[in-house]
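Visitor: Sharing a structure, written as structure tokens. Questions coming.
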Amino acid sequence: MKIKEAVFVTSNTDYLKCPAPDLPEYAFIGRSNVGKSSLINMLTARKNLAKTSQQPGKTQLINHFLINGSWYLVDLPGYGYAKVSKVDRENWQQMIDNYLRNRPNLVCIFVLIDSRHDPQRVDLEFMEKLGQEELPFHIVFTKADKLKKSNQVTTHIERYRQKLQETWEELPPMFITSAEKGEGRDPLLEAIEAYNQAFEEAGPQ
Ligand code: GTP
Ligand code: MG
């Protein structure tokens, strides 16, 4: 899929103020600093569409980007950021949960996982919650360029698969990406394109 247009639409704390839920939507979520905003820039081939930072906790709102006038990418704040107060963290969590539960047009959630790290409880618990709520998700491994040898990426992902198999009967689709190198862009855009088509064929929500 060609990205002809990518525009910022709104930033919100409240899902009720998000754009009308009439176009297919894809949300990016994961721990702070995992590379959500960078991945959105990589996919859209726009350097500064979503704000990125070396400091965790950069994205603090629900950000909608309209792509090719026909679907939304959504950049969300990260979870598990230790340096904010408990109250702030709970508020963010509430904001994200409300958003995830109340967007009928949310076709798929992309859960981002840093390729370098062993499976972390906070991510596994988050995916379990999505499963309980029957919210469909895919896993996107990020920062693959930071692992020097390609077999290191394979080893890490195999370990992740094994961990997931302890609790999941069926594993979600997985993508390996590097926002730095553009790796994984085509497979992700192809998956989105197929979903967009299905959304259109399904008719009004
Ligand atoms: P929050 O909004 O704070 O939750 O973070 P985020 O998940 O949106 O992460 P962001 O995209 O801001 O990236 C965090 C840092 O990781 C930045 O310094 C990015 O340049 C870096 N980064 C993101 N993706 C990649 C990647 O694929 N490769 C490398 N080498 N660095 C990356
Ligand atoms: Mg961000």
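All residue names refer to the structure tokens as shown: chains lettered A, B, ... in order, residues numbered from 1 in each chain, ligands numbered from 1 in order.
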I want to know what sits within 7 Å of range 66-81 of chain A, based on only C-alpha atoms, with residues of the same chain fewer than 6 positions away left out; could you give that as a ChimeraX atom specification?
Guide: /A:3-9,23-32,36-37,57,59-60
Visitor: Env of range 125-134 of chain A: 9 Å cut, atoms = only C-alpha atoms, seq-sep filter 2 positions within chain, self excluded. Answer as a list in words.
Guide: Gly30, Leu100, Arg101, Val111, Gln120, Arg121, Val122, Asp123, Pro136, Phe137, Thr167 and Trp168 of chain A
Visitor: Can you pull out every residue from chain A that DSSP, working from the backbone, puts in helix (DSSP H, G or I), and format the result as a ChimeraX atom specification?
Guide: /A:15-17,36-44,86-101,121-132,144-146,150-165,185-202
Visitor: Which is closest to ligand 1 among A:Arg159, A:Arg103, A:Arg185, A:His138, if we use only C-alpha atoms and all ligand atoms?
Guide: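 For ligand 1, the nearest of the given residues is A:Arg185.
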Visitor: Which residue gives the smallest distance to Asn63 in chain A among A:Lys2, A:His117, A:Lys51, A:Lys146, with only C-alpha atoms counted?
Guide: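 Between A:Lys2, A:His117, A:Lys51, A:Lys146, the residue approaching Asn63 in chain A most closely is A:Lys51.
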Visitor: From the DSSP assignment of the backbone, select every residue of range 135-164 of chain A that is strand (DSSP E or B), and format the answer as a VMD selection string.
Guide: chain A and resid 137 to 142
Visitor: Record the distance separating CA of Ile109 in chain A and CA of Ile139 in chain A, expressed in Å with one decimal.
Guide: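 Going from CA of Ile109 in chain A over to CA of Ile139 in chain A, I get 8.6 Å.
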Visitor: If we count only C-alpha atoms, what is near Leu147 in chain A at a cut-off of 7 Å, once residues fewer than 4 positions away on the same chain are taken out, given as a ChimeraX atom specification?
Guide: /A:116,152-153
Visitor: Give me a file of those residues, with all heavy atoms, as a PDB file, in the first residue's frame.
Guide:
ATOM      1  N   ARG A 116      14.829  -6.996  22.103  1.00  0.00           N
ATOM      2  CA  ARG A 116      16.024  -7.353  22.887  1.00  0.00           C
ATOM      3  C   ARG A 116      15.702  -7.982  24.233  1.00  0.00           C
ATOM      4  O   ARG A 116      16.561  -8.591  24.852  1.00  0.00           O
ATOM      5  CB  ARG A 116      16.858  -6.087  23.154  1.00  0.00           C
ATOM      6  CG  ARG A 116      17.399  -5.450  21.902  1.00  0.00           C
ATOM      7  CD  ARG A 116      17.982  -4.097  22.209  1.00  0.00           C
ATOM      8  NE  ARG A 116      16.952  -3.169  22.679  1.00  0.00           N
ATOM      9  CZ  ARG A 116      17.183  -1.947  23.107  1.00  0.00           C
ATOM     10  NH1 ARG A 116      18.418  -1.495  23.154  1.00  0.00           N
ATOM     11  NH2 ARG A 116      16.186  -1.178  23.496  1.00  0.00           N
ATOM     12  N   GLN A 152      20.146 -13.628  16.679  1.00  0.00           N
ATOM     13  CA  GLN A 152      19.763 -13.202  18.043  1.00  0.00           C
ATOM     14  C   GLN A 152      18.285 -12.833  18.067  1.00  0.00           C
ATOM     15  O   GLN A 152      17.579 -13.120  19.021  1.00  0.00           O
ATOM     16  CB  GLN A 152      20.582 -11.979  18.468  1.00  0.00           C
ATOM     17  CG  GLN A 152      21.985 -12.303  18.926  1.00  0.00           C
ATOM     18  CD  GLN A 152      22.710 -11.025  19.311  1.00  0.00           C
ATOM     19  OE1 GLN A 152      22.914 -10.151  18.480  1.00  0.00           O
ATOM     20  NE2 GLN A 152      23.073 -10.912  20.566  1.00  0.00           N
ATOM     21  N   VAL A 153      17.819 -12.179  17.007  1.00  0.00           N
ATOM     22  CA  VAL A 153      16.406 -11.801  16.931  1.00  0.00           C
ATOM     23  C   VAL A 153      15.565 -13.079  16.922  1.00  0.00           C
ATOM     24  O   VAL A 153      14.598 -13.213  17.675  1.00  0.00           O
ATOM     25  CB  VAL A 153      16.121 -10.959  15.659  1.00  0.00           C
ATOM     26  CG1 VAL A 153      14.649 -10.604  15.577  1.00  0.00           C
ATOM     27  CG2 VAL A 153      16.966  -9.707  15.644  1.00  0.00           C
TER      28      VAL A 153
END
Visitor: So, counting only C-alpha atoms, which residue among A:Leu135, A:Gln162, A:Ala45, A:Ser11 is closest to Asn105 in chain A?
Guide: A:Leu135
Visitor: Closest to ligand 1 among A:Lys83, A:Lys47, A:Lys143, A:Lys149, using only C-alpha atoms and all ligand atoms?
Guide: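 So, comparing all the options, the nearest one is A:Lys143.
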Visitor: Restricting the calculation to only C-alpha atoms: of A:Asp118, A:Asp186, A:Asp14, A:Glu200, which residue gets closest to Thr44 in chain A?
Guide: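 Ranking A:Asp118, A:Asp186, A:Asp14, A:Glu200 by distance to Thr44 in chain A, first place goes to A:Asp186.
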Visitor: Nearest residue to Tyr160 in chain A out of A:Asn41, A:Phe141, A:Gln54, A:Leu188, using only C-alpha atoms?
Guide: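 Counting only C-alpha atoms, the residue closest to Tyr160 in chain A is A:Phe141.
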